[in-house]
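Visitor: Have a look at this one before I ask anything.
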Amino acid sequence: MLQGVSTHWNSGPVEGRFNQIKMVKCQMFGRAKLPVLRKRVLLTAVAIGDPEPEVSDRCGMLASMNEDVFWQLIEDCRPTEPDPGAEHLAATLTERLAQSPLSLVIGFAEQLSWALYRLDRKEYGHDLSDDAFLYTRAAVVAAGRTEFDSVLRDPSVFIPYATDLIWAEPLLYTPDRAYKRITGEEWDRDTRYSYESCSNTGGWAD
């Protein structure tokens with residue numbers, strides 16, 4: 001105690017690092033083995049040690065991702081030119097996520113699954129095959145938050161996606177590709193909500 005108040009030395013940095021490692025372990029519990037945990041701890045340490053990241057990379061320096069950050073990242077990565085199939089969007093997202101802490105990739109996967117899960121409803125997909133419904137839901141997400149919210153408010157806004165088969169399949173694999181870029185390993189992804197068609201039982205109830 002005396003040393004703590006009488007000298008400029010303290011254990012704060014060490015304790016902070018311990019707490020951060022414990023947070024990483026808790027976030028990854030049940031999702032990765034020791035090699036991936038080790039890589040994530042090291043990558044997070046590198047990110048924290050960067051004194052002043054570029055403005056374009058600050059989103060990628062976050063320790064976690066909420067819904068607002070998810071949609072802002074979609075918006076930031078959307079190309080200005082036409083992007084059939086969302087291929088350019090997916091490539092840009094993958095590149096951005098692959099340069100970020102692994103926690104951001106995991107958070108992106110969770111938010112993407114949650115968005116797709118919310119669209120998994122009978123009034124949208126009753127005339128579509130499971131795959132077609134999944135890819136059209138991905139296209140709504142790729143169109144951005146405004147369009148997504150419009151579809152949630154009014155199912156008729158989804159009709160062009162269903163009738164014209166507007167798809168964005170590559171968006172689905174973005175977090176998996178970023179994960180492999182960071183860890184060198186395939187990801188057995190297991191998000192809280194499933195994005196597979198008809199997994200939202202409440203949305204398909206009669």
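A note on labels: chains of the structure tokens are A, B, ... as shown, every chain counts residues from 1, and ligands are counted from 1 in their shown order.
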Excluding same-chain residues fewer than 4 positions from Val157 (chain A), what lies within 12 Å of it counting only C-alpha atoms, as a PDB file with N, CA and C atoms, in the first residue's frame?
Guide:
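Written file, result-v3.pdb:
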```
ATOM      1  N   GLU A 123     -44.265 -13.511 -44.242  1.00  0.00           N
ATOM      2  CA  GLU A 123     -44.814 -12.539 -45.180  1.00  0.00           C
ATOM      3  C   GLU A 123     -43.806 -12.120 -46.245  1.00  0.00           C
ATOM      4  N   TYR A 124     -42.523 -12.382 -46.000  1.00  0.00           N
ATOM      5  CA  TYR A 124     -41.504 -12.053 -46.993  1.00  0.00           C
ATOM      6  C   TYR A 124     -41.164 -13.247 -47.891  1.00  0.00           C
ATOM      7  N   ARG A 137     -32.737 -11.754 -48.708  1.00  0.00           N
ATOM      8  CA  ARG A 137     -32.613 -11.057 -47.425  1.00  0.00           C
ATOM      9  C   ARG A 137     -31.239 -10.398 -47.308  1.00  0.00           C
ATOM     10  N   VAL A 140     -31.213  -7.131 -49.085  1.00  0.00           N
ATOM     11  CA  VAL A 140     -31.828  -6.042 -48.324  1.00  0.00           C
ATOM     12  C   VAL A 140     -30.808  -5.443 -47.359  1.00  0.00           C
ATOM     13  N   THR A 146     -31.435   2.176 -44.162  1.00  0.00           N
ATOM     14  CA  THR A 146     -32.699   2.824 -44.523  1.00  0.00           C
ATOM     15  C   THR A 146     -33.616   1.849 -45.243  1.00  0.00           C
ATOM     16  N   GLU A 147     -33.055   1.126 -46.205  1.00  0.00           N
ATOM     17  CA  GLU A 147     -33.851   0.148 -46.946  1.00  0.00           C
ATOM     18  C   GLU A 147     -34.281  -0.989 -46.024  1.00  0.00           C
ATOM     19  N   PHE A 148     -33.384  -1.443 -45.181  1.00  0.00           N
ATOM     20  CA  PHE A 148     -33.699  -2.517 -44.246  1.00  0.00           C
ATOM     21  C   PHE A 148     -34.869  -2.124 -43.346  1.00  0.00           C
ATOM     22  N   ASP A 149     -34.816  -0.933 -42.789  1.00  0.00           N
ATOM     23  CA  ASP A 149     -35.898  -0.475 -41.922  1.00  0.00           C
ATOM     24  C   ASP A 149     -37.202  -0.324 -42.690  1.00  0.00           C
ATOM     25  N   SER A 150     -37.109   0.090 -43.945  1.00  0.00           N
ATOM     26  CA  SER A 150     -38.316   0.221 -44.774  1.00  0.00           C
ATOM     27  C   SER A 150     -38.978  -1.128 -45.002  1.00  0.00           C
ATOM     28  N   VAL A 151     -38.169  -2.147 -45.254  1.00  0.00           N
ATOM     29  CA  VAL A 151     -38.710  -3.496 -45.461  1.00  0.00           C
ATOM     30  C   VAL A 151     -39.362  -4.008 -44.190  1.00  0.00           C
ATOM     31  N   LEU A 152     -38.732  -3.748 -43.045  1.00  0.00           N
ATOM     32  CA  LEU A 152     -39.316  -4.194 -41.779  1.00  0.00           C
ATOM     33  C   LEU A 152     -40.666  -3.525 -41.522  1.00  0.00           C
ATOM     34  N   ARG A 153     -40.776  -2.247 -41.895  1.00  0.00           N
ATOM     35  CA  ARG A 153     -42.030  -1.526 -41.672  1.00  0.00           C
ATOM     36  C   ARG A 153     -43.110  -1.935 -42.664  1.00  0.00           C
ATOM     37  N   TYR A 161     -37.376  -7.511 -54.487  1.00  0.00           N
ATOM     38  CA  TYR A 161     -36.280  -8.447 -54.206  1.00  0.00           C
ATOM     39  C   TYR A 161     -36.705  -9.884 -54.519  1.00  0.00           C
ATOM     40  N   ALA A 162     -37.948 -10.187 -54.202  1.00  0.00           N
ATOM     41  CA  ALA A 162     -38.456 -11.539 -54.424  1.00  0.00           C
ATOM     42  C   ALA A 162     -38.773 -11.795 -55.894  1.00  0.00           C
ATOM     43  N   THR A 163     -39.422 -10.837 -56.548  1.00  0.00           N
ATOM     44  CA  THR A 163     -39.849 -11.053 -57.941  1.00  0.00           C
ATOM     45  C   THR A 163     -38.670 -10.966 -58.910  1.00  0.00           C
TER      46      THR A 163
END
```
Visitor: Per residue of region 111-178 of chain A within 12 Å of region 197-206 of chain A, what are the shortest atom pair and its distance in Å to one decimal, counting only C-alpha atoms, with rows by chain and residue number, as JSON lines?
Guide:
```
{"residue": "A:Ser113", "atom": "CA", "partner": "A:Ser199", "partner_atom": "CA", "distance": 11.0}
{"residue": "A:Trp114", "atom": "CA", "partner": "A:Asn200", "partner_atom": "CA", "distance": 10.3}
{"residue": "A:Ala115", "atom": "CA", "partner": "A:Asn200", "partner_atom": "CA", "distance": 11.6}
{"residue": "A:Leu116", "atom": "CA", "partner": "A:Ser197", "partner_atom": "CA", "distance": 8.9}
{"residue": "A:Tyr117", "atom": "CA", "partner": "A:Asn200", "partner_atom": "CA", "distance": 6.3}
{"residue": "A:Arg118", "atom": "CA", "partner": "A:Asn200", "partner_atom": "CA", "distance": 7.8}
{"residue": "A:Leu119", "atom": "CA", "partner": "A:Gly203", "partner_atom": "CA", "distance": 8.4}
{"residue": "A:Asp120", "atom": "CA", "partner": "A:Asn200", "partner_atom": "CA", "distance": 5.9}
{"residue": "A:Arg121", "atom": "CA", "partner": "A:Gly203", "partner_atom": "CA", "distance": 4.2}
{"residue": "A:Lys122", "atom": "CA", "partner": "A:Trp204", "partner_atom": "CA", "distance": 4.8}
{"residue": "A:Glu123", "atom": "CA", "partner": "A:Trp204", "partner_atom": "CA", "distance": 8.2}
{"residue": "A:Tyr124", "atom": "CA", "partner": "A:Gly203", "partner_atom": "CA", "distance": 9.7}
{"residue": "A:Gly125", "atom": "CA", "partner": "A:Ser197", "partner_atom": "CA", "distance": 8.4}
{"residue": "A:His126", "atom": "CA", "partner": "A:Trp204", "partner_atom": "CA", "distance": 8.9}
{"residue": "A:Leu128", "atom": "CA", "partner": "A:Ser197", "partner_atom": "CA", "distance": 9.9}
{"residue": "A:Ser129", "atom": "CA", "partner": "A:Ser197", "partner_atom": "CA", "distance": 8.7}
{"residue": "A:Asp130", "atom": "CA", "partner": "A:Ser197", "partner_atom": "CA", "distance": 5.3}
{"residue": "A:Asp131", "atom": "CA", "partner": "A:Ser197", "partner_atom": "CA", "distance": 7.3}
{"residue": "A:Ala132", "atom": "CA", "partner": "A:Ser197", "partner_atom": "CA", "distance": 9.1}
{"residue": "A:Phe133", "atom": "CA", "partner": "A:Ser197", "partner_atom": "CA", "distance": 6.6}
{"residue": "A:Leu134", "atom": "CA", "partner": "A:Ser197", "partner_atom": "CA", "distance": 5.8}
{"residue": "A:Tyr135", "atom": "CA", "partner": "A:Ser197", "partner_atom": "CA", "distance": 9.6}
{"residue": "A:Thr136", "atom": "CA", "partner": "A:Ser197", "partner_atom": "CA", "distance": 10.7}
{"residue": "A:Arg137", "atom": "CA", "partner": "A:Ser197", "partner_atom": "CA", "distance": 9.3}
{"residue": "A:Ala138", "atom": "CA", "partner": "A:Ser197", "partner_atom": "CA", "distance": 11.2}
{"residue": "A:Leu152", "atom": "CA", "partner": "A:Gly203", "partner_atom": "CA", "distance": 12.0}
```
Visitor: Would you write out those residues with C-alpha atoms, as a PDB file, in the first residue's frame?
Guide:
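Saved file part29.pdb follows:
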```
ATOM      1  CA  SER A 113     -27.106 -12.918 -38.506  1.00  0.00           C
ATOM      2  CA  TRP A 114     -29.417 -10.825 -36.333  1.00  0.00           C
ATOM      3  CA  ALA A 115     -30.392  -8.600 -39.267  1.00  0.00           C
ATOM      4  CA  LEU A 116     -31.109 -11.589 -41.506  1.00  0.00           C
ATOM      5  CA  TYR A 117     -33.012 -13.309 -38.698  1.00  0.00           C
ATOM      6  CA  ARG A 118     -35.299 -10.300 -38.322  1.00  0.00           C
ATOM      7  CA  LEU A 119     -36.213 -10.542 -42.020  1.00  0.00           C
ATOM      8  CA  ASP A 120     -36.886 -14.276 -41.771  1.00  0.00           C
ATOM      9  CA  ARG A 121     -40.665 -14.003 -41.788  1.00  0.00           C
ATOM     10  CA  LYS A 122     -43.463 -15.727 -43.610  1.00  0.00           C
ATOM     11  CA  GLU A 123     -44.814 -12.539 -45.180  1.00  0.00           C
ATOM     12  CA  TYR A 124     -41.504 -12.053 -46.993  1.00  0.00           C
ATOM     13  CA  GLY A 125     -40.426 -15.535 -48.041  1.00  0.00           C
ATOM     14  CA  HIS A 126     -43.507 -17.702 -48.420  1.00  0.00           C
ATOM     15  CA  LEU A 128     -39.284 -18.444 -52.284  1.00  0.00           C
ATOM     16  CA  SER A 129     -36.992 -21.414 -51.883  1.00  0.00           C
ATOM     17  CA  ASP A 130     -34.827 -21.424 -48.756  1.00  0.00           C
ATOM     18  CA  ASP A 131     -31.695 -20.380 -50.668  1.00  0.00           C
ATOM     19  CA  ALA A 132     -33.444 -17.689 -52.697  1.00  0.00           C
ATOM     20  CA  PHE A 133     -35.003 -16.262 -49.560  1.00  0.00           C
ATOM     21  CA  LEU A 134     -31.642 -16.172 -47.797  1.00  0.00           C
ATOM     22  CA  TYR A 135     -29.900 -14.416 -50.685  1.00  0.00           C
ATOM     23  CA  THR A 136     -32.684 -11.859 -51.139  1.00  0.00           C
ATOM     24  CA  ARG A 137     -32.613 -11.057 -47.425  1.00  0.00           C
ATOM     25  CA  ALA A 138     -28.875 -10.515 -47.765  1.00  0.00           C
ATOM     26  CA  LEU A 152     -39.316  -4.194 -41.779  1.00  0.00           C
TER      27      LEU A 152
END
```
Visitor: I'd like the contact shell of Arg189 (chain A) - 12 Å cut-off, only C-alpha atoms, skipping same-chain residues fewer than 6 positions apart - returned as JSON, numbers by chain.
Guide: {"A": [28, 30, 31, 32, 105, 106, 107, 108, 109, 110, 113, 172, 173, 174, 175, 176, 177, 179, 180, 195]}
Visitor: Would you mind telling me which residue in A:Ala91, A:Ile74, A:Ala143, A:Leu102 lies nearest to Trp167 (chain A) when using only C-alpha atoms?
Guide: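 The answer is A:Ala143, which sits nearest to Trp167 (chain A).
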Visitor: Please measure the separation of CA of Pro84 (chain A) and CA of Pro160 (chain A), giving the value in Å to one decimal.
Guide: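 Those two atoms sit 14.3 Å apart.
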Visitor: Using only C-alpha atoms, find the one residue out of A:Asp127, A:Tyr193, A:Leu73, A:Glu169 that sits nearest to Glu95 (chain A).
Guide: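 Checking each of A:Asp127, A:Tyr193, A:Leu73, A:Glu169 against Glu95 (chain A), counting only C-alpha atoms, the winner is A:Leu73.
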Visitor: Tell me which of A:Leu112, A:Met65, A:Ala139, A:Leu93 sits closest to Arg78 (chain A), counting only C-alpha atoms.
Guide: A:Leu93
